[in-house]
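Structure below is query09.cif: mmCIF, C-alpha atoms.
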data_data
loop_
_atom_site.label_atom_id
_atom_site.label_comp_id
_atom_site.auth_asym_id
_atom_site.auth_seq_id
_atom_site.Cartn_x
_atom_site.Cartn_y
_atom_site.Cartn_z
CA MET A 1 7.08 -11.38 28.04
CA ASN A 2 5.60 -13.25 25.08
CA GLY A 3 1.98 -13.21 23.99
CA ARG A 4 1.95 -16.85 22.87
CA THR A 5 -0.48 -18.88 24.95
CA GLU A 6 -1.36 -22.56 25.06
CA ILE A 7 -4.73 -24.12 25.77
CA GLY A 8 -4.19 -27.83 26.24
CA GLU A 9 -2.29 -28.85 23.12
CA GLN A 10 -3.61 -25.95 21.06
CA MET A 11 -1.52 -22.87 20.50
CA SER A 12 -3.02 -19.44 19.87
CA THR A 13 -0.86 -17.17 17.74
CA ILE A 14 -1.21 -13.48 18.45
CA VAL A 15 -0.54 -11.00 15.67
CA GLY A 16 0.04 -7.38 16.62
CA VAL A 17 -0.69 -4.65 14.10
CA ILE A 18 0.71 -1.15 14.60
CA GLY A 19 -1.75 1.35 13.17
CA GLY A 20 -5.54 1.40 13.43
CA GLY A 21 -6.56 2.28 9.86
CA GLN A 22 -8.66 0.43 7.32
CA LEU A 23 -5.88 -2.00 6.44
CA ALA A 24 -5.78 -3.27 10.01
CA ARG A 25 -9.59 -3.36 9.97
CA MET A 26 -9.60 -5.61 6.90
CA MET A 27 -7.14 -8.01 8.55
CA ILE A 28 -9.70 -8.74 11.28
CA PRO A 29 -12.04 -11.07 9.28
CA ALA A 30 -9.04 -12.93 7.86
CA ALA A 31 -7.65 -13.40 11.38
CA VAL A 32 -11.02 -14.61 12.69
CA ASN A 33 -11.27 -17.16 9.87
CA LEU A 34 -7.80 -18.49 10.69
CA GLY A 35 -8.48 -18.56 14.43
CA LEU A 36 -5.81 -15.96 15.13
CA ASP A 37 -5.86 -13.34 17.87
CA LEU A 38 -5.35 -9.99 16.14
CA ARG A 39 -4.45 -7.04 18.37
CA VAL A 40 -4.09 -3.46 17.20
CA LEU A 41 -2.14 -0.49 18.53
CA ALA A 42 -4.29 2.39 17.29
CA GLU A 43 -3.26 6.02 17.14
CA ALA A 44 -6.56 7.24 18.61
CA ASP A 45 -9.92 6.01 19.87
CA GLY A 46 -12.59 5.23 17.31
CA MET A 47 -10.32 4.41 14.38
CA SER A 48 -11.30 1.98 11.62
CA ALA A 49 -9.77 -1.03 13.39
CA HIS A 50 -11.26 -0.17 16.80
CA LEU A 51 -12.84 -3.65 17.01
CA ALA A 52 -9.35 -5.11 17.55
CA ALA A 53 -7.69 -2.14 19.25
CA VAL A 54 -6.29 -3.24 22.60
CA SER A 55 -4.01 -0.22 22.98
CA VAL A 56 -4.14 3.42 21.99
CA GLY A 57 -0.91 5.37 21.74
CA ASP A 58 1.82 6.99 19.72
CA TYR A 59 3.67 4.60 17.39
CA ARG A 60 6.64 7.02 17.56
CA ASP A 61 7.04 6.42 21.31
CA LEU A 62 9.39 3.53 22.13
CA ALA A 63 7.84 2.68 25.49
CA THR A 64 4.34 2.56 24.00
CA VAL A 65 5.37 0.29 21.13
CA LEU A 66 7.45 -2.00 23.36
CA ALA A 67 4.60 -2.43 25.84
CA PHE A 68 2.34 -3.47 22.96
CA ALA A 69 4.89 -5.67 21.18
CA GLU A 70 5.63 -7.67 24.30
CA THR A 71 2.03 -8.95 24.35
CA VAL A 72 2.10 -10.47 20.83
CA ASP A 73 4.03 -13.10 18.87
CA VAL A 74 4.69 -11.13 15.71
CA VAL A 75 4.46 -7.43 14.89
CA THR A 76 3.26 -6.16 11.54
CA PHE A 77 1.90 -2.86 10.25
CA ASP A 78 -1.05 -0.87 8.91
CA HIS A 79 1.43 1.75 7.62
CA GLU A 80 5.18 2.22 7.16
CA HIS A 81 5.77 5.19 9.47
CA VAL A 82 7.17 3.56 12.63
CA PRO A 83 10.64 5.11 13.16
CA GLN A 84 13.68 2.98 12.38
CA VAL A 85 15.09 3.37 15.89
CA ILE A 86 11.96 1.73 17.33
CA LEU A 87 11.86 -1.04 14.73
CA ARG A 88 15.49 -1.93 15.39
CA GLU A 89 14.99 -1.94 19.14
CA LEU A 90 12.15 -4.44 18.73
CA VAL A 91 14.40 -6.70 16.68
CA ASN A 92 17.26 -6.30 19.18
CA ARG A 93 14.91 -7.53 21.91
CA GLY A 94 14.08 -10.67 19.95
CA ILE A 95 10.61 -9.57 18.85
CA SER A 96 9.50 -10.91 15.46
CA VAL A 97 8.88 -7.97 13.10
CA HIS A 98 7.56 -8.42 9.54
CA PRO A 99 8.46 -6.70 7.36
CA GLY A 100 11.67 -5.90 9.19
CA PRO A 101 13.46 -2.55 9.45
CA ASP A 102 16.00 -3.38 6.73
CA ALA A 103 13.16 -3.72 4.21
CA LEU A 104 10.87 -0.97 5.57
CA LEU A 105 13.72 1.48 5.21
CA TYR A 106 13.08 1.54 1.45
CA ALA A 107 9.38 2.26 1.87
CA GLN A 108 10.12 5.07 4.32
CA ASP A 109 12.68 6.92 2.20
CA LYS A 110 12.14 7.33 -1.54
CA LEU A 111 15.75 8.31 -2.17
CA LEU A 112 17.06 5.15 -0.54
CA MET A 113 14.42 3.19 -2.44
CA ARG A 114 15.58 4.62 -5.79
CA GLU A 115 19.22 3.92 -4.90
CA ARG A 116 18.51 0.32 -3.95
CA LEU A 117 16.34 -0.42 -6.99
CA THR A 118 19.05 1.03 -9.22
CA GLU A 119 21.66 -1.17 -7.52
CA LEU A 120 19.45 -4.20 -8.20
CA GLY A 121 19.26 -3.30 -11.89
CA LEU A 122 15.50 -2.78 -11.79
CA PRO A 123 13.82 -0.39 -14.25
CA VAL A 124 13.11 3.03 -12.72
CA PRO A 125 12.59 6.54 -14.09
CA ASP A 126 15.75 8.59 -14.53
CA TRP A 127 16.29 10.30 -11.19
CA ALA A 128 18.69 12.35 -9.07
CA ARG A 129 19.24 13.50 -5.51
CA VAL A 130 19.06 17.31 -5.41
CA ALA A 131 20.02 19.59 -2.53
CA ASP A 132 19.23 23.00 -3.99
CA ALA A 133 17.62 24.92 -6.85
CA ASP A 134 20.82 24.87 -8.92
CA ALA A 135 20.90 21.06 -8.94
CA LEU A 136 17.21 20.96 -9.81
CA ALA A 137 17.77 23.46 -12.62
CA GLN A 138 20.45 21.21 -14.09
CA PHE A 139 18.16 18.19 -14.00
CA LEU A 140 15.39 20.18 -15.69
CA ALA A 141 17.78 21.32 -18.40
CA ASP A 142 18.77 17.71 -19.04
CA HIS A 143 15.19 16.41 -19.13
CA GLY A 144 13.17 18.66 -21.39
CA GLY A 145 12.36 21.38 -18.86
CA ARG A 146 9.83 19.46 -16.75
CA ALA A 147 10.25 16.94 -13.95
CA VAL A 148 8.60 15.42 -10.88
CA VAL A 149 9.93 16.48 -7.47
CA LYS A 150 9.18 14.35 -4.41
CA THR A 151 9.90 14.67 -0.73
CA ALA A 152 11.94 11.65 0.35
CA ARG A 153 9.74 10.93 3.35
CA GLY A 154 6.09 11.14 4.30
CA GLY A 155 4.34 11.52 0.96
CA TYR A 156 1.38 9.32 -0.02
CA ASP A 157 -1.84 9.61 -2.04
CA GLY A 158 -0.37 12.44 -4.10
CA LYS A 159 1.09 14.33 -1.13
CA GLY A 160 4.75 15.30 -1.31
CA VAL A 161 4.73 15.13 -5.11
CA ARG A 162 4.98 18.13 -7.44
CA VAL A 163 5.44 18.54 -11.19
CA VAL A 164 7.78 21.48 -11.82
CA SER A 165 9.06 23.38 -14.84
CA HIS A 166 11.20 25.90 -12.94
CA ALA A 167 13.87 25.22 -10.32
CA HIS A 168 12.41 27.69 -7.84
CA GLU A 169 9.06 25.91 -7.70
CA ALA A 170 10.53 23.66 -4.98
CA ASP A 171 12.14 26.46 -2.92
CA ASP A 172 9.70 25.98 -0.03
CA TRP A 173 10.67 22.32 0.25
CA PHE A 174 14.39 23.13 0.09
CA LEU A 175 13.88 25.73 2.83
CA ALA A 176 11.98 23.27 5.02
CA LEU A 177 14.79 20.72 4.63
CA ALA A 178 17.42 23.34 5.46
CA GLU A 179 15.54 24.24 8.65
CA ASP A 180 15.09 20.59 9.64
CA ALA A 181 17.71 19.43 12.11
CA ASN A 182 18.06 16.22 10.10
CA GLY A 183 18.65 18.01 6.79
CA GLY A 184 18.17 16.01 3.61
CA ASP A 185 17.63 16.24 -0.12
CA LEU A 186 14.73 16.02 -2.54
CA LEU A 187 14.16 13.35 -5.16
CA VAL A 188 13.71 14.54 -8.74
CA GLU A 189 12.59 12.20 -11.51
CA GLU A 190 11.94 12.42 -15.20
CA LEU A 191 8.33 13.13 -16.13
CA VAL A 192 7.47 9.70 -17.52
CA ASP A 193 5.39 9.49 -20.69
CA PHE A 194 3.18 6.61 -19.58
CA ARG A 195 0.17 4.89 -21.09
CA ARG A 196 -1.31 3.75 -17.77
CA GLU A 197 -0.45 2.85 -14.20
CA LEU A 198 -0.26 -0.75 -13.05
CA ALA A 199 0.34 -2.48 -9.73
CA GLN A 200 1.82 -5.88 -9.01
CA VAL A 201 1.00 -7.24 -5.56
CA VAL A 202 3.05 -10.14 -4.18
CA ALA A 203 3.54 -11.83 -0.83
CA ARG A 204 6.76 -13.32 0.53
CA ARG A 205 7.23 -15.37 3.69
CA PRO A 206 10.47 -15.40 5.72
CA SER A 207 11.43 -18.83 4.38
CA GLY A 208 11.36 -17.38 0.86
CA GLU A 209 8.11 -18.64 -0.74
CA ILE A 210 6.48 -16.03 -2.98
CA ALA A 211 2.87 -15.80 -4.21
CA ILE A 212 1.85 -13.40 -6.97
CA TRP A 213 -1.59 -12.07 -7.91
CA PRO A 214 -2.45 -11.00 -11.47
CA VAL A 215 -1.13 -7.55 -12.39
CA VAL A 216 -3.83 -4.88 -12.13
CA GLU A 217 -4.53 -1.50 -13.71
CA THR A 218 -5.01 1.42 -11.34
CA VAL A 219 -6.88 4.62 -12.18
CA GLN A 220 -5.91 7.74 -10.23
CA GLN A 221 -8.05 10.75 -9.33
CA ASN A 222 -6.24 13.81 -7.96
CA GLY A 223 -3.31 11.63 -6.97
CA VAL A 224 -5.52 9.08 -5.17
CA CYS A 225 -6.35 5.60 -6.41
CA ALA A 226 -9.98 5.67 -7.53
CA GLU A 227 -10.40 2.35 -9.38
CA VAL A 228 -8.61 -0.96 -9.85
CA ILE A 229 -9.21 -3.45 -12.68
CA ALA A 230 -8.09 -7.05 -12.14
CA PRO A 231 -6.47 -8.33 -14.20
CA ALA A 232 -5.14 -5.33 -16.13
CA PRO A 233 -6.73 -5.40 -19.60
CA LYS A 234 -4.44 -6.65 -22.36
CA SER A 235 -1.80 -7.77 -19.87
CA ALA A 236 -1.65 -11.50 -20.64
CA GLY A 237 1.70 -12.83 -21.78
CA ARG A 238 4.79 -10.60 -21.84
CA LEU A 239 3.41 -7.74 -19.72
CA SER A 240 2.11 -10.00 -16.97
CA ALA A 241 5.35 -11.99 -16.86
CA LEU A 242 7.47 -8.84 -16.76
CA ALA A 243 5.45 -7.27 -13.93
CA ALA A 244 5.67 -10.47 -11.90
CA ASP A 245 9.42 -10.75 -12.49
CA ILE A 246 10.02 -7.15 -11.39
CA ALA A 247 7.97 -7.57 -8.21
CA GLU A 248 9.67 -10.86 -7.32
CA ARG A 249 13.10 -9.28 -7.80
CA VAL A 250 12.09 -6.37 -5.58
CA ALA A 251 10.74 -8.66 -2.85
CA GLU A 252 13.85 -10.83 -2.82
CA GLY A 253 16.31 -7.99 -3.36
CA ILE A 254 15.18 -5.99 -0.32
CA GLY A 255 14.02 -8.93 1.79
CA VAL A 256 10.36 -8.06 2.17
CA THR A 257 8.20 -10.32 4.34
CA GLY A 258 4.44 -9.93 4.07
CA VAL A 259 2.52 -8.29 1.26
CA LEU A 260 4.34 -5.94 -1.11
CA ALA A 261 2.75 -3.70 -3.75
CA VAL A 262 4.95 -2.52 -6.60
CA GLU A 263 3.36 0.42 -8.41
CA LEU A 264 4.41 0.61 -12.07
CA PHE A 265 4.28 2.88 -15.09
CA GLU A 266 3.59 1.27 -18.45
CA THR A 267 5.33 3.67 -20.80
CA THR A 268 4.11 4.59 -24.27
CA ASP A 269 7.02 2.64 -25.74
CA GLY A 270 6.07 -0.57 -23.88
CA ARG A 271 8.44 -0.53 -20.88
CA LEU A 272 7.56 -1.04 -17.23
CA LEU A 273 9.14 1.31 -14.66
CA VAL A 274 8.88 1.04 -10.88
CA ASN A 275 7.14 4.09 -9.43
CA GLU A 276 6.49 3.38 -5.72
CA LEU A 277 6.65 0.55 -3.17
CA ALA A 278 4.25 -0.28 -0.33
CA MET A 279 5.24 -2.96 2.19
CA ARG A 280 1.81 -3.86 3.53
CA PRO A 281 -1.59 -4.69 2.07
CA HIS A 282 -2.36 -2.04 -0.52
CA ASN A 283 -5.32 -0.32 -2.14
CA SER A 284 -4.49 -2.02 -5.44
CA GLY A 285 -5.08 -5.40 -3.79
CA HIS A 286 -8.46 -4.75 -2.12
CA TRP A 287 -10.25 -6.48 -5.01
CA SER A 288 -8.70 -9.76 -3.82
CA ILE A 289 -11.03 -9.93 -0.80
CA ASP A 290 -13.89 -10.86 -3.11
CA GLY A 291 -12.12 -11.64 -6.37
CA SER A 292 -9.25 -13.99 -5.45
CA THR A 293 -9.01 -17.42 -3.86
CA THR A 294 -6.81 -15.85 -1.16
CA SER A 295 -7.19 -12.20 -0.18
CA GLN A 296 -4.15 -10.03 0.35
CA PHE A 297 -5.14 -9.71 4.04
CA GLU A 298 -5.22 -13.45 4.70
CA GLN A 299 -2.03 -13.80 2.69
CA HIS A 300 -0.30 -11.11 4.72
CA LEU A 301 -1.12 -12.94 7.95
CA ARG A 302 0.09 -16.24 6.49
CA ALA A 303 3.29 -14.61 5.30
CA VAL A 304 4.25 -12.87 8.55
CA LEU A 305 3.64 -16.13 10.41
CA ASP A 306 5.73 -18.01 7.83
CA LEU A 307 2.80 -20.27 6.88
CA PRO A 308 2.42 -21.76 3.38
CA LEU A 309 0.88 -19.13 1.11
CA GLY A 310 -2.56 -19.42 -0.46
CA ASP A 311 -3.56 -19.66 -4.11
CA THR A 312 -3.95 -16.28 -5.84
CA ALA A 313 -6.16 -17.29 -8.78
CA LEU A 314 -9.10 -15.13 -9.84
CA ARG A 315 -12.55 -16.38 -8.87
CA ASP A 316 -14.07 -14.67 -11.92
CA PRO A 317 -12.53 -13.48 -15.17
CA TRP A 318 -12.80 -9.83 -14.04
CA SER A 319 -12.99 -7.86 -10.79
CA VAL A 320 -13.31 -4.09 -10.53
CA MET A 321 -12.78 -2.24 -7.25
CA VAL A 322 -13.95 1.37 -6.90
CA ASN A 323 -13.04 3.49 -3.88
CA VAL A 324 -15.69 5.54 -2.10
CA LEU A 325 -13.95 8.91 -1.87
CA GLY A 326 -15.40 11.60 0.36
CA GLY A 327 -18.72 9.90 1.02
CA PRO A 328 -22.21 11.32 1.51
CA ALA A 329 -22.55 15.05 2.09
CA GLU A 330 -24.95 14.18 4.90
CA GLY A 331 -25.38 11.01 6.90
CA SER A 332 -23.42 7.79 6.65
CA MET A 333 -22.68 5.11 4.07
CA ALA A 334 -25.04 2.77 5.91
CA ALA A 335 -27.96 5.12 5.33
CA ARG A 336 -27.53 4.52 1.60
CA TYR A 337 -27.52 0.71 1.86
CA PRO A 338 -31.20 0.06 1.01
CA ALA A 339 -31.04 1.75 -2.38
CA ALA A 340 -27.53 0.52 -3.25
CA PHE A 341 -28.20 -3.09 -2.28
CA ALA A 342 -31.54 -3.19 -4.08
CA GLU A 343 -30.03 -1.84 -7.29
CA GLN A 344 -26.79 -3.89 -7.27
CA PRO A 345 -27.30 -7.06 -5.22
CA THR A 346 -24.14 -8.80 -6.49
CA VAL A 347 -21.69 -6.01 -5.63
CA LYS A 348 -19.70 -6.27 -2.39
CA VAL A 349 -19.55 -3.15 -0.20
CA HIS A 350 -16.76 -2.54 2.32
CA ASN A 351 -17.33 0.25 4.84
CA TYR A 352 -14.24 1.50 6.73
CA GLY A 353 -16.23 3.03 9.58
CA LYS A 354 -14.90 6.51 8.89
CA ASP A 355 -16.74 9.81 8.94
CA PRO A 356 -17.21 11.30 5.45
CA ARG A 357 -14.76 14.01 4.47
CA PRO A 358 -13.82 15.43 1.05
CA GLY A 359 -11.23 13.21 -0.64
CA ARG A 360 -11.14 10.69 2.21
CA LYS A 361 -11.28 6.94 1.47
CA ILE A 362 -14.25 5.79 3.55
CA GLY A 363 -14.88 2.48 1.81
CA HIS A 364 -14.74 0.54 -1.43
CA VAL A 365 -16.96 -1.66 -3.56
CA THR A 366 -16.03 -4.65 -5.71
CA ALA A 367 -17.91 -6.26 -8.59
CA SER A 368 -16.85 -9.47 -10.31
CA GLY A 369 -18.04 -11.40 -13.33
CA PRO A 370 -17.36 -12.59 -16.89
CA ASP A 371 -17.80 -9.27 -18.73
CA LEU A 372 -15.55 -6.28 -17.96
CA ASP A 373 -18.00 -3.62 -19.18
CA SER A 374 -20.80 -4.99 -17.01
CA VAL A 375 -18.57 -5.41 -13.98
CA SER A 376 -17.19 -1.87 -14.33
CA TYR A 377 -20.69 -0.41 -14.59
CA GLN A 378 -21.90 -2.31 -11.53
CA ALA A 379 -18.96 -1.19 -9.38
CA ARG A 380 -19.13 2.44 -10.47
CA ALA A 381 -22.90 2.61 -10.08
CA THR A 382 -22.72 1.17 -6.57
CA ALA A 383 -19.95 3.52 -5.46
CA ALA A 384 -21.97 6.46 -6.79
CA TYR A 385 -24.70 5.75 -4.23
CA PHE A 386 -22.27 6.68 -1.45
CA GLN A 387 -20.75 9.82 -3.02
CA ASP A 388 -22.31 13.28 -3.42
#

Translate this file's structure into structure tokens.
Amino acid sequence: MNGRTEIGEQMSTIVGVIGGGQLARMMIPAAVNLGLDLRVLAEADGMSAHLAAVSVGDYRDLATVLAFAETVDVVTFDHEHVPQVILRELVNRGISVHPGPDALLYAQDKLLMRERLTELGLPVPDWARVADADALAQFLADHGGRAVVKTARGGYDGKGVRVVSHAHEADDWFLALAEDANGGDLLVEELVDFRRELAQVVARRPSGEIAIWPVVETVQQNGVCAEVIAPAPKSAGRLSALAADIAERVAEGIGVTGVLAVELFETTDGRLLVNELAMRPHNSGHWSIDGSTTSQFEQHLRAVLDLPLGDTALRDPWSVMVNVLGGPAEGSMAARYPAAFAEQPTVKVHNYGKDPRPGRKIGHVTASGPDLDSVSYQARATAAYFQD
């Protein structure tokens, strides 16, 4: 079965999104503007993208995913967690999947990602695959006694990441891997001496066209992105060109289709190192909804449908996006609208429709304008209305 339908001479293209989070939610307005039918397979009722949720089920269940995929023209994702065996079965059945399993593999497994980036000659922190405390101890001895240990799968927003100075500080993870029927190793990396964190968001369509937004600076809070500045201050020239080149080489080297975010370290000695990859719209690109000619969400839809990509120029010299983390101690974001809107009428507020919870991303705000200090103040002040 194929979801493509025709009305007279008009064709309606149906995009299926696996995952019902805020990324799928933010694809909905872009799909409406393009006249697309966006359908979501959500993990549970009442998720952020419930407005487009036509199915509720487990994305790890082949029958559930197949039943959904057979009603759409192209499958894309709100997250990167759909198992490889399911992704490959979709492709084997002739279903269009973007990004495909061969690319998503490197977003799902950090060890494979590090291996592939190294093969491509891209700049990454010094790293190793370690299977036990002895191997970790050797890496620590070779790298000044401190390192970053990561689980190969499942970590995000600071989860599955640990700075260690003793080999036995990862014993619980080694034990968990030993007890897992699939086994596996941990990733250990040098503790990078970095000046700041950057992100380069790009989009690539199956026919090969690539569009690149300005490189941005990201500010982390407890391992979670709290703020994004677009473009990254003092990035014009060499830094901007280098970030764009790295991201383009990643996109082409692993065959990404759709939006790709390459998270980077700018080291104290002026290098750029690849930290993480995300093969979907990303927090570091949310500013583009209000601050760019083409948002990352519209661009993602264009890319997965192999349509010509949109312009990525800034609408204003500066845009600052601030996440609403946790939210109000009582009530909802909407209850705070009167005061926030009256105080900052030019700031754009995006509500993800989630219940407040400590540390949870329940929305974001974006301010744009000619002066970075003013824009930063406006965004931070607006976000503060929704956080206790």

When you look at range 122-131 of chain A with a cut-off of 7 Å (counting all atoms listed in the file), what residues show up, excluding the ones that are within fewer than 3 positions of it in the same chain? I need them as a list in words.
Leu117, Thr118, Ala135, Leu136, Asp185, Leu186, Leu187, Val188, Glu189, Glu190, Val192, Leu272, Leu273, Val274 and Asn275 of chain A

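When CA of Tyr106 in chain A is paired with CA of Ala141 in chain A, their separation reads 28.4 Å.
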
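Neighbours of Ala44 in chain A closer than or equal to 12 Å, with all atoms listed in the file counted and sequence neighbours fewer than 4 positions away skipped, come out as Ile18, Gly19, Gly20, Gly21, Val40, Ser48, Ala49, His50, Ala53, Val54, Ser55, Val56, Gly57, Asp58 and Tyr59 of chain A.
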
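We find CA of His166 in chain A and CA of Ala137 in chain A to be spaced 7.0 Å apart.
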
List the residues matched by the PyMOL selection byres ((chain A and resi 227) around 8) in the displayed structure as a PyMOL selection string, ordered by chain and then by residue number.
chain A and resi 218-220+225-226+228-229+320-323

Taking 3 positions as the minimum chain separation for residues in the same chain, which residues sit within 6 Å of range 298-313 of chain A when counting all atoms listed in the file? Answer as a VMD selection string.
chain A and resid 30 98 205 to 206 213 258 to 259 292 to 295

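With distances taken over all atoms listed in the file, A:Ala152 is the one residue among A:Leu51, A:Ala247, A:Ala335, A:Ala152 lying closest to Met113 in chain A.
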
In Å, how far is it from CA of Leu104 in chain A to CA of His81 in chain A?
8.9 Å
